[in-house]
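Q: Here it is: the structure, laid out below.
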Amino acid sequence: MAENFEQHSDISAADLARLNQEAQAEATPSTAKIIWNEFKADKPAMAALIIVVGFIVFVMIGALFINTPKMMETNIMDYFDKPFTDGFWLGADSGGRSVAKQLIVGSRNSIGIAIGLTIISSTFGIAWGLVSGYFSGYIDWGMQRVYDFMMMLPMTMMIIVLVTIIPHYNSVSLTFIFSIFYWEGTSRLIRSRTLAETQKDYVAASKTSGTNHWKIIFKEIMPNISSLIIVDCTLSFAENIGVETGLSYLGFGLPNQTPSLGTMIANANDPSNITLYWWTWLPAALEIVVLCLSISYIGQVLRRAADSSQRQGAAD
Amino acid sequence: MSLVEIKDLKVHYPIRSGFWNRVTDSVKAVDGITFNIEAGETYGLVGESGSGKSTTGKSVVGLEKVTSGSILYNGKDITKADNRRKLDYNRDVQMIFQDSLSSLNPRKRIEDIIAEPLRNFEHLSKDDEKLRVLQLLNIVGLDADALYKYPHQFSGGQRQRIGVARAVATNPKLIIADEPVSALDLSVQAQVLNFMKKIQREFGISYLFISHDLGVVRHMCNNIAIMNRGRLVEIGTREDIYNHPLHIYTKRLLAAIPETNVNQRAAHRASRLAVEKIYEDQQSKYYDEDGMAYPLVQVSPTHSVALPETIAKQLASQEGEVQA
């Protein structure tokens, strides 16, 4: 059979290296290159990328050098120290604890939970949506009823109950508890796009080329909805920072002795803190605003990179 | 023995309605059609949109779930997914799609697109695979620099040729061409069709050529089947269909071929209107009381038409055809 092709084409094995080189010279740039060009073309997004990556690296490494139990000890002498006094860059709170150190450890905890939650819930939600949308029929029906059941559960109440009945929970178990409830939105979104995508001819072409279902789902369809996936992941990352923060603010997030952005913002519960001791809550609030804005900027760039008609970066 | 034998193929889609969402009726996309495709020939399947020709093509390639009937390939019924798997059926039967853009995955490079069937069926080494892809590109008249590009960087005609290259990659016996050129402009149509003919000559491939364009079908096909509302209304050689059409539906399709000779515009218009008038007046003669086509009746060894036997005989003698 190979002879058959040899006969009707004047290309033989001898030409392979030369032709390959020619093709390589004309090759379209890789996805990573395109994304990088897109960042270079958009200065605010580049700044956002540097802020987010730099900040995450800084708190992850910085938190390693802080002895949390010691930091959380009450020291009445430093009661509400102003910033830049007694060696507290950002002042101290009602327990005389350093706000700056709490911010570093708290950010590490909150961002760690948000990253873990985004990875687990998005992976599961995307897989669920893809499989459900691709197979349709009875499989879709069954999977969507599971989805409906999960949506029906009162999410916040369930999390609070689970947090209360689990004896020794920490940030890891909290991440898993959140993950049980936060995959649904993603899965429904992905399913609806998959339903449309499955009808396209390239899926039929893959089927007639003998590719199996799982390969079609994850290697053919998934790259084609990657822009949706990327945008959804970045937005849900920003949202997930809020999830942990919100619950900690209410007092059902991380345990009391573990600082997080939520517990720091909870300082603003006290009217005198809001007016007199602004340094106890303002840094954490500002951090969340800056982080979420930066993340959504990055998400926009990724979306533009995924869609060739929206690109602003240099062609190559 | 024919390469593919289609026997009484039916594809019905259920219509659900009412409070309990029960099946109340069905759309008969394909309603009992029978024909054979011989090795090395181009078989034309013609009809208006919605007549079920694409559904037929998809059933043959195994993309559509068949309601009843059988499609025999090498004596095996390939309407069953199990048999298709055992035979490596899609290695031998491939498809060219109408919309060249949507049939090529926009996120894959040309090399990966053309190599996809090779990777699934032939398991070549990396260098052999690349060589085969380059040869295929060469056969359809594209240069090696296409290898690492994406589908959106090509024109419609080039994309359709990439689709052709993918379809012939595993050296199949039959290719279903589902309106392969109807989305292309005329000059590019000729180019793609000539590549398809060239490949057929060189590799001895059969085509099931699905089209609504009778001009293209005349250029490509030896045998033609005309489809209307899920049934076949006329089967015959190119000669039979173009020179001795018997069914009114065939005549209407033929009258609809655009004529470029402006001097005869009036005459052409008159003949179109005459055919349309016969169709309006004599529908009851050509279709049964439900508006469906009759079963096929043979009028000559190669020519069958879907009419009651007496009318078929009478029309055939009017047309001066050799009786069976």
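A note on labels: chains of the structure tokens are A, B, ... as shown, every chain counts residues from 1, and ligands are counted from 1 in their shown order.
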Residues of chain B within 8 Å of chain A, counting only C-alpha atoms, what are they? List them as a ChimeraX atom specification.
A: /B:61-63,90-91,94-95,97,99,102-107,116-117,120-121,127,130-132,134-136,138-139,144-150,171,202-203
Q: From a backbone DSSP assignment, name each residue in range 11-227 of chain B labelled strand (DSSP E or B), as a ChimeraX atom specification.
A: /B:11-17,22-37,42-47,68-73,76-77,93-96,174-178,206-211,223-227
Q: Would you compute the distance between CA of Gly242 in chain A and CA of Phe58 in chain A? Give it in Å to one decimal.
A: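 CA of Phe58 in chain A lies 20.3 Å from CA of Gly242 in chain A.
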Q: Just the number, please: distance in Å from CA of Asn273 in chain A to CA of Ser110 in chain A, one decimal.
A: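 Interatomic distance, CA of Asn273 in chain A to CA of Ser110 in chain A: 22.3 Å.
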Q: Rounded to one decimal place, report the CA of Thr170 in chain B-CA of Val131 in chain A distance in Å.
A: 29.2 Å
Q: Need to verify the contact set: range 302-305 of chain A, 10 Å, only C-alpha atoms, exclusion of same-chain residues closer than 2 positions in sequence. Can you return it as a PDB file with all heavy atoms, in the first residue's frame?
A:
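out30.pdb, written as the output of this step:
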ATOM      1  N   THR A  31       0.934  28.094  20.655  1.00  0.00           N
ATOM      2  CA  THR A  31      -0.027  28.799  21.498  1.00  0.00           C
ATOM      3  C   THR A  31       0.673  29.629  22.563  1.00  0.00           C
ATOM      4  O   THR A  31       0.290  30.771  22.814  1.00  0.00           O
ATOM      5  CB  THR A  31      -0.948  27.777  22.180  1.00  0.00           C
ATOM      6  OG1 THR A  31      -1.256  26.771  21.236  1.00  0.00           O
ATOM      7  CG2 THR A  31      -2.214  28.429  22.659  1.00  0.00           C
ATOM      8  N   ALA A  32       1.714  29.074  23.189  1.00  0.00           N
ATOM      9  CA  ALA A  32       2.413  29.787  24.254  1.00  0.00           C
ATOM     10  C   ALA A  32       2.991  31.091  23.716  1.00  0.00           C
ATOM     11  O   ALA A  32       2.897  32.145  24.344  1.00  0.00           O
ATOM     12  CB  ALA A  32       3.526  28.913  24.822  1.00  0.00           C
ATOM     13  N   LYS A  33       3.548  31.025  22.498  1.00  0.00           N
ATOM     14  CA  LYS A  33       4.133  32.214  21.883  1.00  0.00           C
ATOM     15  C   LYS A  33       3.059  33.266  21.637  1.00  0.00           C
ATOM     16  O   LYS A  33       3.259  34.467  21.880  1.00  0.00           O
ATOM     17  CB  LYS A  33       4.785  31.790  20.560  1.00  0.00           C
ATOM     18  CG  LYS A  33       5.651  32.826  19.911  1.00  0.00           C
ATOM     19  CD  LYS A  33       7.109  32.386  19.847  1.00  0.00           C
ATOM     20  CE  LYS A  33       8.035  33.522  19.446  1.00  0.00           C
ATOM     21  NZ  LYS A  33       8.000  33.833  18.023  1.00  0.00           N
ATOM     22  N   ILE A  34       1.907  32.812  21.165  1.00  0.00           N
ATOM     23  CA  ILE A  34       0.814  33.740  20.877  1.00  0.00           C
ATOM     24  C   ILE A  34       0.358  34.442  22.160  1.00  0.00           C
ATOM     25  O   ILE A  34       0.177  35.660  22.192  1.00  0.00           O
ATOM     26  CB  ILE A  34      -0.367  32.986  20.229  1.00  0.00           C
ATOM     27  CG1 ILE A  34       0.015  32.559  18.810  1.00  0.00           C
ATOM     28  CG2 ILE A  34      -1.607  33.858  20.188  1.00  0.00           C
ATOM     29  CD1 ILE A  34      -0.954  31.594  18.186  1.00  0.00           C
ATOM     30  N   ILE A  35       0.223  33.665  23.240  1.00  0.00           N
ATOM     31  CA  ILE A  35      -0.214  34.258  24.511  1.00  0.00           C
ATOM     32  C   ILE A  35       0.809  35.293  24.981  1.00  0.00           C
ATOM     33  O   ILE A  35       0.452  36.384  25.418  1.00  0.00           O
ATOM     34  CB  ILE A  35      -0.412  33.161  25.576  1.00  0.00           C
ATOM     35  CG1 ILE A  35      -1.614  32.293  25.201  1.00  0.00           C
ATOM     36  CG2 ILE A  35      -0.616  33.768  26.954  1.00  0.00           C
ATOM     37  CD1 ILE A  35      -1.842  31.138  26.124  1.00  0.00           C
ATOM     38  N   TRP A  36       2.097  34.952  24.849  1.00  0.00           N
ATOM     39  CA  TRP A  36       3.141  35.874  25.296  1.00  0.00           C
ATOM     40  C   TRP A  36       3.099  37.166  24.484  1.00  0.00           C
ATOM     41  O   TRP A  36       3.171  38.263  25.036  1.00  0.00           O
ATOM     42  CB  TRP A  36       4.501  35.182  25.197  1.00  0.00           C
ATOM     43  CG  TRP A  36       5.634  36.042  25.652  1.00  0.00           C
ATOM     44  CD1 TRP A  36       6.706  36.447  24.927  1.00  0.00           C
ATOM     45  CD2 TRP A  36       5.814  36.623  26.955  1.00  0.00           C
ATOM     46  NE1 TRP A  36       7.528  37.231  25.688  1.00  0.00           N
ATOM     47  CE2 TRP A  36       7.001  37.364  26.948  1.00  0.00           C
ATOM     48  CE3 TRP A  36       5.059  36.585  28.139  1.00  0.00           C
ATOM     49  CZ2 TRP A  36       7.475  38.063  28.047  1.00  0.00           C
ATOM     50  CZ3 TRP A  36       5.529  37.288  29.246  1.00  0.00           C
ATOM     51  CH2 TRP A  36       6.721  38.016  29.199  1.00  0.00           C
ATOM     52  N   ASN A  37       2.931  37.053  23.148  1.00  0.00           N
ATOM     53  CA  ASN A  37       2.823  38.249  22.309  1.00  0.00           C
ATOM     54  C   ASN A  37       1.644  39.112  22.723  1.00  0.00           C
ATOM     55  O   ASN A  37       1.710  40.335  22.695  1.00  0.00           O
ATOM     56  CB  ASN A  37       2.660  37.851  20.837  1.00  0.00           C
ATOM     57  CG  ASN A  37       3.977  37.423  20.236  1.00  0.00           C
ATOM     58  OD1 ASN A  37       5.027  37.839  20.693  1.00  0.00           O
ATOM     59  ND2 ASN A  37       3.912  36.563  19.240  1.00  0.00           N
ATOM     60  N   GLU A  38       0.580  38.430  23.087  1.00  0.00           N
ATOM     61  CA  GLU A  38      -0.636  39.150  23.483  1.00  0.00           C
ATOM     62  C   GLU A  38      -0.390  39.945  24.764  1.00  0.00           C
ATOM     63  O   GLU A  38      -0.818  41.088  24.897  1.00  0.00           O
ATOM     64  CB  GLU A  38      -1.753  38.110  23.667  1.00  0.00           C
ATOM     65  CG  GLU A  38      -3.149  38.623  23.501  1.00  0.00           C
ATOM     66  CD  GLU A  38      -3.373  39.282  22.153  1.00  0.00           C
ATOM     67  OE1 GLU A  38      -2.843  38.773  21.123  1.00  0.00           O
ATOM     68  OE2 GLU A  38      -4.048  40.306  22.131  1.00  0.00           O
ATOM     69  N   PHE A  39       0.357  39.354  25.698  1.00  0.00           N
ATOM     70  CA  PHE A  39       0.690  40.071  26.933  1.00  0.00           C
ATOM     71  C   PHE A  39       1.592  41.265  26.625  1.00  0.00           C
ATOM     72  O   PHE A  39       1.454  42.332  27.212  1.00  0.00           O
ATOM     73  CB  PHE A  39       1.386  39.139  27.938  1.00  0.00           C
ATOM     74  CG  PHE A  39       0.421  38.418  28.827  1.00  0.00           C
ATOM     75  CD1 PHE A  39       0.271  37.043  28.759  1.00  0.00           C
ATOM     76  CD2 PHE A  39      -0.349  39.117  29.736  1.00  0.00           C
ATOM     77  CE1 PHE A  39      -0.623  36.390  29.565  1.00  0.00           C
ATOM     78  CE2 PHE A  39      -1.252  38.464  30.556  1.00  0.00           C
ATOM     79  CZ  PHE A  39      -1.385  37.096  30.465  1.00  0.00           C
ATOM     80  N   SER A 226     -11.560  25.835  24.630  1.00  0.00           N
ATOM     81  CA  SER A 226     -10.565  26.258  25.624  1.00  0.00           C
ATOM     82  C   SER A 226     -10.735  27.722  26.012  1.00  0.00           C
ATOM     83  O   SER A 226     -10.483  28.074  27.161  1.00  0.00           O
ATOM     84  CB  SER A 226      -9.158  26.015  25.096  1.00  0.00           C
ATOM     85  OG  SER A 226      -8.969  26.758  23.925  1.00  0.00           O
ATOM     86  N   SER A 227     -11.172  28.575  25.072  1.00  0.00           N
ATOM     87  CA  SER A 227     -11.315  29.985  25.452  1.00  0.00           C
ATOM     88  C   SER A 227     -12.370  30.111  26.546  1.00  0.00           C
ATOM     89  O   SER A 227     -12.185  30.841  27.526  1.00  0.00           O
ATOM     90  CB  SER A 227     -11.685  30.833  24.245  1.00  0.00           C
ATOM     91  OG  SER A 227     -12.878  30.399  23.673  1.00  0.00           O
ATOM     92  N   LEU A 228     -13.453  29.366  26.389  1.00  0.00           N
ATOM     93  CA  LEU A 228     -14.500  29.374  27.427  1.00  0.00           C
ATOM     94  C   LEU A 228     -13.959  28.833  28.745  1.00  0.00           C
ATOM     95  O   LEU A 228     -14.203  29.387  29.822  1.00  0.00           O
ATOM     96  CB  LEU A 228     -15.666  28.519  26.950  1.00  0.00           C
ATOM     97  CG  LEU A 228     -16.891  28.490  27.850  1.00  0.00           C
ATOM     98  CD1 LEU A 228     -17.619  29.797  27.756  1.00  0.00           C
ATOM     99  CD2 LEU A 228     -17.806  27.359  27.467  1.00  0.00           C
ATOM    100  N   ILE A 229     -13.181  27.754  28.656  1.00  0.00           N
ATOM    101  CA  ILE A 229     -12.637  27.134  29.864  1.00  0.00           C
ATOM    102  C   ILE A 229     -11.695  28.095  30.585  1.00  0.00           C
ATOM    103  O   ILE A 229     -11.777  28.267  31.802  1.00  0.00           O
ATOM    104  CB  ILE A 229     -11.905  25.821  29.506  1.00  0.00           C
ATOM    105  CG1 ILE A 229     -12.921  24.772  29.057  1.00  0.00           C
ATOM    106  CG2 ILE A 229     -11.097  25.300  30.695  1.00  0.00           C
ATOM    107  CD1 ILE A 229     -12.310  23.479  28.593  1.00  0.00           C
ATOM    108  N   ILE A 230     -10.830  28.756  29.811  1.00  0.00           N
ATOM    109  CA  ILE A 230      -9.856  29.669  30.428  1.00  0.00           C
ATOM    110  C   ILE A 230     -10.574  30.826  31.113  1.00  0.00           C
ATOM    111  O   ILE A 230     -10.293  31.163  32.263  1.00  0.00           O
ATOM    112  CB  ILE A 230      -8.878  30.196  29.358  1.00  0.00           C
ATOM    113  CG1 ILE A 230      -7.920  29.076  28.944  1.00  0.00           C
ATOM    114  CG2 ILE A 230      -8.090  31.380  29.880  1.00  0.00           C
ATOM    115  CD1 ILE A 230      -7.135  29.386  27.709  1.00  0.00           C
ATOM    116  N   VAL A 231     -11.521  31.420  30.401  1.00  0.00           N
ATOM    117  CA  VAL A 231     -12.239  32.545  30.997  1.00  0.00           C
ATOM    118  C   VAL A 231     -12.983  32.099  32.246  1.00  0.00           C
ATOM    119  O   VAL A 231     -12.939  32.751  33.292  1.00  0.00           O
ATOM    120  CB  VAL A 231     -13.217  33.146  29.963  1.00  0.00           C
ATOM    121  CG1 VAL A 231     -14.073  34.202  30.620  1.00  0.00           C
ATOM    122  CG2 VAL A 231     -12.457  33.746  28.811  1.00  0.00           C
ATOM    123  N   THR A 234     -10.449  31.557  35.155  1.00  0.00           N
ATOM    124  CA  THR A 234      -9.915  32.768  35.781  1.00  0.00           C
ATOM    125  C   THR A 234     -10.999  33.462  36.591  1.00  0.00           C
ATOM    126  O   THR A 234     -10.749  33.903  37.722  1.00  0.00           O
ATOM    127  CB  THR A 234      -9.360  33.751  34.728  1.00  0.00           C
ATOM    128  OG1 THR A 234     -10.300  33.864  33.682  1.00  0.00           O
ATOM    129  CG2 THR A 234      -8.047  33.276  34.181  1.00  0.00           C
ATOM    130  N   SER A 296      -8.881  39.240  36.307  1.00  0.00           N
ATOM    131  CA  SER A 296      -9.813  39.339  35.183  1.00  0.00           C
ATOM    132  C   SER A 296      -9.117  39.963  33.963  1.00  0.00           C
ATOM    133  O   SER A 296      -9.447  39.633  32.825  1.00  0.00           O
ATOM    134  CB  SER A 296     -11.071  40.101  35.576  1.00  0.00           C
ATOM    135  OG  SER A 296     -10.795  41.456  35.699  1.00  0.00           O
ATOM    136  N   TYR A 297      -8.136  40.856  34.192  1.00  0.00           N
ATOM    137  CA  TYR A 297      -7.341  41.375  33.075  1.00  0.00           C
ATOM    138  C   TYR A 297      -6.598  40.238  32.371  1.00  0.00           C
ATOM    139  O   TYR A 297      -6.579  40.132  31.148  1.00  0.00           O
ATOM    140  CB  TYR A 297      -6.315  42.388  33.587  1.00  0.00           C
ATOM    141  CG  TYR A 297      -6.669  43.808  33.226  1.00  0.00           C
ATOM    142  CD1 TYR A 297      -7.198  44.678  34.160  1.00  0.00           C
ATOM    143  CD2 TYR A 297      -6.480  44.258  31.919  1.00  0.00           C
ATOM    144  CE1 TYR A 297      -7.537  45.967  33.821  1.00  0.00           C
ATOM    145  CE2 TYR A 297      -6.818  45.547  31.579  1.00  0.00           C
ATOM    146  CZ  TYR A 297      -7.348  46.400  32.529  1.00  0.00           C
ATOM    147  OH  TYR A 297      -7.686  47.665  32.191  1.00  0.00           O
ATOM    148  N   ILE A 298      -5.984  39.383  33.176  1.00  0.00           N
ATOM    149  CA  ILE A 298      -5.248  38.249  32.595  1.00  0.00           C
ATOM    150  C   ILE A 298      -6.199  37.345  31.816  1.00  0.00           C
ATOM    151  O   ILE A 298      -5.894  36.887  30.712  1.00  0.00           O
ATOM    152  CB  ILE A 298      -4.530  37.462  33.710  1.00  0.00           C
ATOM    153  CG1 ILE A 298      -3.451  38.345  34.324  1.00  0.00           C
ATOM    154  CG2 ILE A 298      -3.931  36.176  33.177  1.00  0.00           C
ATOM    155  CD1 ILE A 298      -2.834  37.775  35.568  1.00  0.00           C
ATOM    156  N   GLY A 299      -7.391  37.131  32.390  1.00  0.00           N
ATOM    157  CA  GLY A 299      -8.387  36.294  31.717  1.00  0.00           C
ATOM    158  C   GLY A 299      -8.741  36.846  30.346  1.00  0.00           C
ATOM    159  O   GLY A 299      -8.877  36.104  29.377  1.00  0.00           O
ATOM    160  N   GLN A 300      -8.853  38.190  30.270  1.00  0.00           N
ATOM    161  CA  GLN A 300      -9.193  38.795  28.980  1.00  0.00           C
ATOM    162  C   GLN A 300      -8.116  38.545  27.936  1.00  0.00           C
ATOM    163  O   GLN A 300      -8.411  38.260  26.774  1.00  0.00           O
ATOM    164  CB  GLN A 300      -9.372  40.293  29.159  1.00  0.00           C
ATOM    165  CG  GLN A 300     -10.763  40.674  29.588  1.00  0.00           C
ATOM    166  CD  GLN A 300     -10.923  42.173  29.655  1.00  0.00           C
ATOM    167  OE1 GLN A 300     -10.210  42.895  28.976  1.00  0.00           O
ATOM    168  NE2 GLN A 300     -11.848  42.616  30.471  1.00  0.00           N
ATOM    169  N   ASP A 307      -8.720  33.463  20.553  1.00  0.00           N
ATOM    170  CA  ASP A 307      -9.575  33.773  19.420  1.00  0.00           C
ATOM    171  C   ASP A 307      -8.809  34.677  18.460  1.00  0.00           C
ATOM    172  O   ASP A 307      -8.562  35.847  18.750  1.00  0.00           O
ATOM    173  CB  ASP A 307     -10.839  34.479  19.933  1.00  0.00           C
ATOM    174  CG  ASP A 307     -11.778  34.818  18.791  1.00  0.00           C
ATOM    175  OD1 ASP A 307     -11.377  34.630  17.629  1.00  0.00           O
ATOM    176  OD2 ASP A 307     -12.895  35.259  19.061  1.00  0.00           O
ATOM    177  N   SER A 308      -8.433  34.128  17.307  1.00  0.00           N
ATOM    178  CA  SER A 308      -7.503  34.841  16.433  1.00  0.00           C
ATOM    179  C   SER A 308      -8.070  36.169  15.941  1.00  0.00           C
ATOM    180  O   SER A 308      -7.329  37.089  15.636  1.00  0.00           O
ATOM    181  CB  SER A 308      -7.116  33.964  15.256  1.00  0.00           C
ATOM    182  OG  SER A 308      -8.258  33.527  14.586  1.00  0.00           O
ATOM    183  N   SER A 309      -9.398  36.309  15.892  1.00  0.00           N
ATOM    184  CA  SER A 309      -9.952  37.543  15.350  1.00  0.00           C
ATOM    185  C   SER A 309      -9.873  38.690  16.352  1.00  0.00           C
ATOM    186  O   SER A 309     -10.034  39.844  15.984  1.00  0.00           O
ATOM    187  CB  SER A 309     -11.404  37.319  14.926  1.00  0.00           C
ATOM    188  OG  SER A 309     -12.173  36.966  16.037  1.00  0.00           O
ATOM    189  N   GLN A 310      -9.637  38.383  17.638  1.00  0.00           N
ATOM    190  CA  GLN A 310      -9.580  39.450  18.635  1.00  0.00           C
ATOM    191  C   GLN A 310      -8.151  39.839  18.998  1.00  0.00           C
ATOM    192  O   GLN A 310      -7.941  40.725  19.818  1.00  0.00           O
ATOM    193  CB  GLN A 310     -10.279  38.990  19.928  1.00  0.00           C
ATOM    194  CG  GLN A 310     -11.755  38.779  19.764  1.00  0.00           C
ATOM    195  CD  GLN A 310     -12.394  38.387  21.072  1.00  0.00           C
ATOM    196  OE1 GLN A 310     -11.791  38.469  22.124  1.00  0.00           O
ATOM    197  NE2 GLN A 310     -13.633  37.951  21.003  1.00  0.00           N
ATOM    198  N   ARG A 311      -7.167  39.172  18.418  1.00  0.00           N
ATOM    199  CA  ARG A 311      -5.796  39.378  18.853  1.00  0.00           C
ATOM    200  C   ARG A 311      -5.305  40.795  18.605  1.00  0.00           C
ATOM    201  O   ARG A 311      -5.634  41.407  17.608  1.00  0.00           O
ATOM    202  CB  ARG A 311      -4.868  38.400  18.135  1.00  0.00           C
ATOM    203  CG  ARG A 311      -4.816  37.091  18.860  1.00  0.00           C
ATOM    204  CD  ARG A 311      -3.916  36.114  18.163  1.00  0.00           C
ATOM    205  NE  ARG A 311      -4.431  34.781  18.440  1.00  0.00           N
ATOM    206  CZ  ARG A 311      -4.272  33.749  17.640  1.00  0.00           C
ATOM    207  NH1 ARG A 311      -3.602  33.888  16.516  1.00  0.00           N
ATOM    208  NH2 ARG A 311      -4.767  32.588  17.964  1.00  0.00           N
ATOM    209  N   GLN A 312      -4.474  41.286  19.530  1.00  0.00           N
ATOM    210  CA  GLN A 312      -3.845  42.590  19.356  1.00  0.00           C
ATOM    211  C   GLN A 312      -2.335  42.450  19.208  1.00  0.00           C
ATOM    212  O   GLN A 312      -1.668  43.386  18.809  1.00  0.00           O
ATOM    213  CB  GLN A 312      -4.151  43.482  20.565  1.00  0.00           C
ATOM    214  CG  GLN A 312      -5.635  43.777  20.700  1.00  0.00           C
ATOM    215  CD  GLN A 312      -5.954  44.521  21.966  1.00  0.00           C
ATOM    216  OE1 GLN A 312      -5.122  44.654  22.835  1.00  0.00           O
ATOM    217  NE2 GLN A 312      -7.182  44.995  22.062  1.00  0.00           N
ATOM    218  N   GLY A 313      -1.809  41.297  19.578  1.00  0.00           N
ATOM    219  CA  GLY A 313      -0.366  41.083  19.560  1.00  0.00           C
ATOM    220  C   GLY A 313       0.174  41.021  18.143  1.00  0.00           C
ATOM    221  O   GLY A 313      -0.576  40.887  17.171  1.00  0.00           O
TER     222      GLY A 313
END
Q: Extract, using only C-alpha atoms, all DNA, RNA and protein residues at most 12 Å from Leu273 in chain B, discarding same-chain residues fewer than 4 positions from it, and format them as a ChimeraX atom specification.
A: /B:251-252,255-256,266-269,277-280
Q: Using only C-alpha atoms, which protein or nucleic acid residues come within 7 Å of Met264 in chain A? Drop anything in the same chain fewer than 2 positions from it, and give the result as a PyMOL selection string.
A: chain A and resi 260-262+266-267+280-281+284
Q: Within 9 Å of Gly57 in chain B, counting only C-alpha atoms, which residues show up once you throw out same-chain ones fewer than 2 positions away? Write them as a list of chain:residue names, please.
A: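 Surrounding residues, per the criterion: B:Leu45, B:Gly52, B:Lys53, B:Ser54, B:Thr55, B:Ser59, B:Val60, B:Val61, B:Gly62, B:Leu63, B:Glu64, B:Met95, B:Ile176, B:Ala177, B:Asp178, B:Leu208, B:Phe209, B:Ile210.
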Q: Write out as a VMD selection string which residues come within 7 Å of range 67-84 of chain A when counting only C-alpha atoms, dropping same-chain ones fewer than 6 positions away.
A: chain A and resid 90 to 97 257
